[in-house]
Amino acid sequence: MTTTIEIGAAPLTLAQLRAALNGPVAVSLTDAAWANVEKGAAVVAAILAEGRTVYGINTGFGLLANTSIATEDLETLQKNLVLSHACGVGAPLDENVTRLLMVLKIASLSKGASGVRRHTLETLIGMVNAGVLPLIPSKGSVGASGDLAPLAHMSCVLIGVGEARYQGQTLDAVTALAKAGLKPVVLGPKEGLALLNGTQCSTALALAGLFAAEDVFAAAIAAGSLSVDALLGSDAPFDHRIHALRGQPGQIDVARRLRELLTGSAIRDSHRHDCAKVQDPYSLRCQPQVMGATLDVLRNAAAMLEREANAVTDNPLVFIEDGDVISGGNFHAEPVAYAADQIAMVLCEIGNISERRTSILVDPKMTDLPAFLVKDSGVNSGFMIAQVTAAALVAENRMVAHPCVIDTVPTSANQEDHVSMATHGARRLLDMAANTATVVGIELLAAAQGIDFRRPLTSSPELEQTYAIVREAAEPYSADRYFAPDIARATDGVRAGRYRAFAGDLLPSA
């Protein structure tokens, strides 16, 4: 199903950005947005007609900003800029990320502050709507002066160079455009620079990581609640009075959701008044504190990225009301880098606390459940190595979660002497989210297995729905079997958002 996204009437929302990621989409601009585009292009034309020298329009770039370019060389200047900056390496970006990147670039150009012509933007919109998705190498941006290399590869296809995916095929750019009824663009003054400057690649990758983290977060809320019941844990630590005294909004919201998920559990009621345990381990008892803090961080990162998605991150900027063109630094992706680092930490912590709950579930010293959640332990190893796999994945996430924003490598002969490293900070998020999805998937399998040992008692209505989704992926573990497919199917459910509903209204893009 194609989602229609109109740009210009209101800021893009997280829900629209998620739709652009999942695709396909049909993008259009409002009349007011087109008017701004035409005003911006008119400012550039007026500068040239008046013979003024303005960076990026009729000068070189970076350290060559003081080099004036003759009028007859301006088209060549923009083309050469795109070609020379297409230096990306590595595997291509995922097609969904590329689509989102292009939508973000369209949104930025639609403000008229970049000075591109209507025809150039119409062609870029035509590419998105037809599904012509450039092959963009995933490595090569330091996240300042914009995502130059990735956006150059996007722009190459616009001018008929490079390769693109179209209807499942990899084609040369000219052929892909032709099959979609489009023609390569000859870039006008400033257009190459406008296309290359910007944070759209790092922002698209960070948004993809955010949405994946949301799916994992939701599944972890469901898994953590199911584990509480499987382990005969208490819901007293989720009492609203505890969390009101601290006042942290995410903590309060998560505690409320945990209470809701456990409401009506016959398992909980069975040990409410005769439980020998005084307190549960932290990974059960402190879920509101840990998951609430991660929720606050996710919400903050989401707000930063939503603002960035609606921003103009070009340089120089064209101010259509007064005709000024001013150089600045909006291309610097520092906000995106911070958001990406925050999401990376969130993914680590969701995995850390989930793996700890799985460890309790399989440990006969910590619970009355059978060792490793299987009858005839010894002959059967049960969930022994599934927990080891979870431990391996959380360790891997920790190793790649080092903050990227604190790193910088000066570039462009020290003209660009401080960079954000946002792009690779955001690029790691999808791998980290996949790791954490598997960790949570393993917990869901383990918690469901624990619930089986509590039968005929039932959990709450919502948690029984959680259990049912798990059981669609894997039947109860009665004896050792080839376990990897079960883990893969459980993970697929997490990554597909099967558990999003169990987060209720918590998620930023809900």
# chains A, B, ... in the order shown; residues from 1 in each chain; ligands from 1
$ residues_around --residues "A:His243" --least-positions-apart "4" --cutoff "12 Å" --atoms "only C-alpha atoms" --output "list in words"
Ala236, Pro237, Phe238, Asp239, Gly247, Gln248, Pro249, Gly250, Gln251, Ile252, Asp253, Val254, Ala255, Arg256, Cys286, Gln287, Pro288, Gln289 and Gly292 of chain A
$ residues_around --residues "A:Gly233" --least-positions-apart "6" --cutoff "9 Å" --atoms "only C-alpha atoms" --output "short mmCIF file (atom, residue, chain, number, x, y, z; two decimals) with all heavy atoms, in the first residue's frame"
data_model
loop_
_atom_site.label_atom_id
_atom_site.label_comp_id
_atom_site.auth_asym_id
_atom_site.auth_seq_id
_atom_site.Cartn_x
_atom_site.Cartn_y
_atom_site.Cartn_z
N SER A 227 7.95 -12.27 32.13
CA SER A 227 8.94 -12.88 33.02
C SER A 227 8.57 -12.71 34.48
O SER A 227 8.80 -13.62 35.30
CB SER A 227 10.33 -12.26 32.77
OG SER A 227 10.84 -12.64 31.51
N ARG A 268 -0.35 -14.25 39.29
CA ARG A 268 0.02 -13.27 40.33
C ARG A 268 -0.84 -13.45 41.58
O ARG A 268 -0.33 -13.44 42.71
CB ARG A 268 -0.15 -11.84 39.78
CG ARG A 268 0.08 -10.74 40.83
CD ARG A 268 1.54 -10.73 41.28
NE ARG A 268 1.78 -9.80 42.39
CZ ARG A 268 2.03 -10.16 43.63
NH1 ARG A 268 2.03 -11.45 43.99
NH2 ARG A 268 2.30 -9.26 44.57
N HIS A 271 0.06 -16.17 44.42
CA HIS A 271 1.12 -16.05 45.43
C HIS A 271 1.14 -14.65 46.05
O HIS A 271 2.15 -14.22 46.59
CB HIS A 271 2.49 -16.38 44.80
CG HIS A 271 2.91 -15.45 43.69
ND1 HIS A 271 3.70 -14.35 43.88
CD2 HIS A 271 2.59 -15.45 42.36
CE1 HIS A 271 3.90 -13.72 42.73
NE2 HIS A 271 3.22 -14.38 41.79
N LYS A 277 9.36 -14.76 49.28
CA LYS A 277 10.35 -13.80 48.83
C LYS A 277 10.03 -12.41 49.37
O LYS A 277 8.88 -11.98 49.38
CB LYS A 277 10.39 -13.73 47.30
CG LYS A 277 10.93 -14.99 46.63
CD LYS A 277 11.10 -14.77 45.13
CE LYS A 277 9.79 -14.51 44.42
NZ LYS A 277 9.97 -14.34 42.96
N GLN A 279 11.98 -9.55 48.23
CA GLN A 279 12.15 -8.65 47.09
C GLN A 279 12.65 -9.45 45.89
O GLN A 279 13.40 -10.42 46.04
CB GLN A 279 13.16 -7.54 47.39
CG GLN A 279 12.71 -6.54 48.43
CD GLN A 279 13.69 -5.40 48.62
OE1 GLN A 279 13.30 -4.26 48.65
NE2 GLN A 279 14.97 -5.70 48.73
N ASP A 280 12.23 -9.02 44.72
CA ASP A 280 12.71 -9.64 43.48
C ASP A 280 14.05 -9.04 43.08
O ASP A 280 14.40 -7.93 43.48
CB ASP A 280 11.71 -9.39 42.35
CG ASP A 280 10.38 -10.10 42.57
OD1 ASP A 280 10.40 -11.24 43.06
OD2 ASP A 280 9.32 -9.50 42.24
N LEU A 284 13.86 -7.56 37.54
CA LEU A 284 12.39 -7.60 37.61
C LEU A 284 11.85 -6.35 38.31
O LEU A 284 10.98 -5.65 37.79
CB LEU A 284 11.93 -8.84 38.36
CG LEU A 284 12.33 -10.21 37.79
CD1 LEU A 284 11.83 -11.31 38.70
CD2 LEU A 284 11.78 -10.39 36.39
N ARG A 285 12.41 -6.08 39.48
CA ARG A 285 11.87 -5.04 40.33
C ARG A 285 12.12 -3.63 39.79
O ARG A 285 11.30 -2.72 39.98
CB ARG A 285 12.51 -5.17 41.72
CG ARG A 285 11.98 -4.20 42.73
CD ARG A 285 12.53 -4.34 44.14
NE ARG A 285 13.66 -5.20 44.34
CZ ARG A 285 14.70 -4.88 45.10
NH1 ARG A 285 14.76 -3.71 45.70
NH2 ARG A 285 15.70 -5.73 45.28
#
$ closest_atom_pairs --of "stretch 81-151 of chain A" --to "stretch 181-201 of chain A" --cutoff "8 Å" --atoms "only C-alpha atoms" --output "JSON lines"
{"residue": "A:Leu81", "atom": "CA", "partner": "A:Gly192", "partner_atom": "CA", "distance": 6.5}
{"residue": "A:Val82", "atom": "CA", "partner": "A:Gly192", "partner_atom": "CA", "distance": 6.0}
{"residue": "A:Thr98", "atom": "CA", "partner": "A:Cys201", "partner_atom": "CA", "distance": 7.9}
{"residue": "A:Leu101", "atom": "CA", "partner": "A:Gln200", "partner_atom": "CA", "distance": 5.3}
{"residue": "A:Met102", "atom": "CA", "partner": "A:Gln200", "partner_atom": "CA", "distance": 7.6}
{"residue": "A:Leu104", "atom": "CA", "partner": "A:Gln200", "partner_atom": "CA", "distance": 5.8}
{"residue": "A:Lys105", "atom": "CA", "partner": "A:Gln200", "partner_atom": "CA", "distance": 6.0}
{"residue": "A:Leu109", "atom": "CA", "partner": "A:Ala194", "partner_atom": "CA", "distance": 7.8}
{"residue": "A:Ser114", "atom": "CA", "partner": "A:Ala194", "partner_atom": "CA", "distance": 5.6}
{"residue": "A:Gly115", "atom": "CA", "partner": "A:Lys190", "partner_atom": "CA", "distance": 7.0}
{"residue": "A:Val116", "atom": "CA", "partner": "A:Glu191", "partner_atom": "CA", "distance": 5.4}
{"residue": "A:Arg117", "atom": "CA", "partner": "A:Gly188", "partner_atom": "CA", "distance": 7.8}
{"residue": "A:Thr120", "atom": "CA", "partner": "A:Val185", "partner_atom": "CA", "distance": 6.4}
{"residue": "A:Thr123", "atom": "CA", "partner": "A:Leu182", "partner_atom": "CA", "distance": 7.0}
{"residue": "A:Gly126", "atom": "CA", "partner": "A:Leu182", "partner_atom": "CA", "distance": 7.4}
{"residue": "A:Met127", "atom": "CA", "partner": "A:Leu182", "partner_atom": "CA", "distance": 7.8}
{"residue": "A:Gly143", "atom": "CA", "partner": "A:Thr199", "partner_atom": "CA", "distance": 6.9}
{"residue": "A:Ala144", "atom": "CA", "partner": "A:Thr199", "partner_atom": "CA", "distance": 7.8}
{"residue": "A:Ser145", "atom": "CA", "partner": "A:Asn197", "partner_atom": "CA", "distance": 6.1}
{"residue": "A:Gly146", "atom": "CA", "partner": "A:Gly198", "partner_atom": "CA", "distance": 4.2}
{"residue": "A:Asp147", "atom": "CA", "partner": "A:Thr199", "partner_atom": "CA", "distance": 5.6}
{"residue": "A:Leu148", "atom": "CA", "partner": "A:Leu196", "partner_atom": "CA", "distance": 5.1}
{"residue": "A:Ala149", "atom": "CA", "partner": "A:Leu196", "partner_atom": "CA", "distance": 7.7}
{"residue": "A:Pro150", "atom": "CA", "partner": "A:Cys201", "partner_atom": "CA", "distance": 6.7}
{"residue": "A:Leu151", "atom": "CA", "partner": "A:Leu196", "partner_atom": "CA", "distance": 5.0}
$ residues_around --residues "A:Val325" --least-positions-apart "6" --cutoff "9 Å" --atoms "only C-alpha atoms" --output "list in words"
Val43, Val44, Val54, Tyr55, Ala113, Pro316, Leu317, Val318 and Phe319 of chain A
$ closest_residue --among "A:Gln78, A:Ser141, A:Gln16, A:Ser225" --to "A:Thr466" --atoms "only C-alpha atoms"
A:Ser225
$ closest_residue --among "A:Leu29, A:Ala49, A:Ala302, A:Ile125" --to "A:Pro508" --atoms "only C-alpha atoms"
A:Ala302
$ select_by_dssp --residues "stretch 234-339 of chain A" --states "helix (DSSP H, G or I)" --output "MDAnalysis selection string"
chainID A and resid 236:238 240:246 249:262 266:270 282:285 287:309 334:339
$ residues_around --residues "A:Ala437" --least-positions-apart "3" --cutoff "10 Å" --atoms "only C-alpha atoms" --output "list in words"
Ala212, Ala213, Asp215, Val216, Phe217, Ala219, Ala220, Leu347, Ile350, Gly351, Ala390, Leu393, Asp431, Met432, Ala433, Ala434, Val440, Gly441, Ile442, Glu443, Ala488, Ala490, Thr491, Asp492, Gly493, Val494, Arg495 and Ala496 of chain A
$ closest_residue --among "A:Val25, A:Leu77, A:Ala46, A:Met1" --to "A:Val132" --atoms "only C-alpha atoms"
A:Val25
$ closest_residue --among "A:Ser108, A:Thr367, A:Ser509, A:Asn380" --to "A:Asp480" --atoms "only C-alpha atoms"
A:Asn380
$ residues_around --residues "A:Ile343" --least-positions-apart "5" --cutoff "10 Å" --atoms "only C-alpha atoms" --output "number ranges by chain"
A: 206-207, 209-210, 212-214, 294, 297-302, 337-338, 348-349, 401, 425-426, 429, 432-433
$ closest_residue --among "A:Ala208, A:Leu74, A:Lys39, A:Ile242" --to "A:Leu430" --atoms "only C-alpha atoms"
A:Ala208
$ residues_around --residues "A:Ser460" --least-positions-apart "4" --cutoff "9 Å" --atoms "only C-alpha atoms" --output "PyMOL selection string"
chain A and resi 261-268+464-465
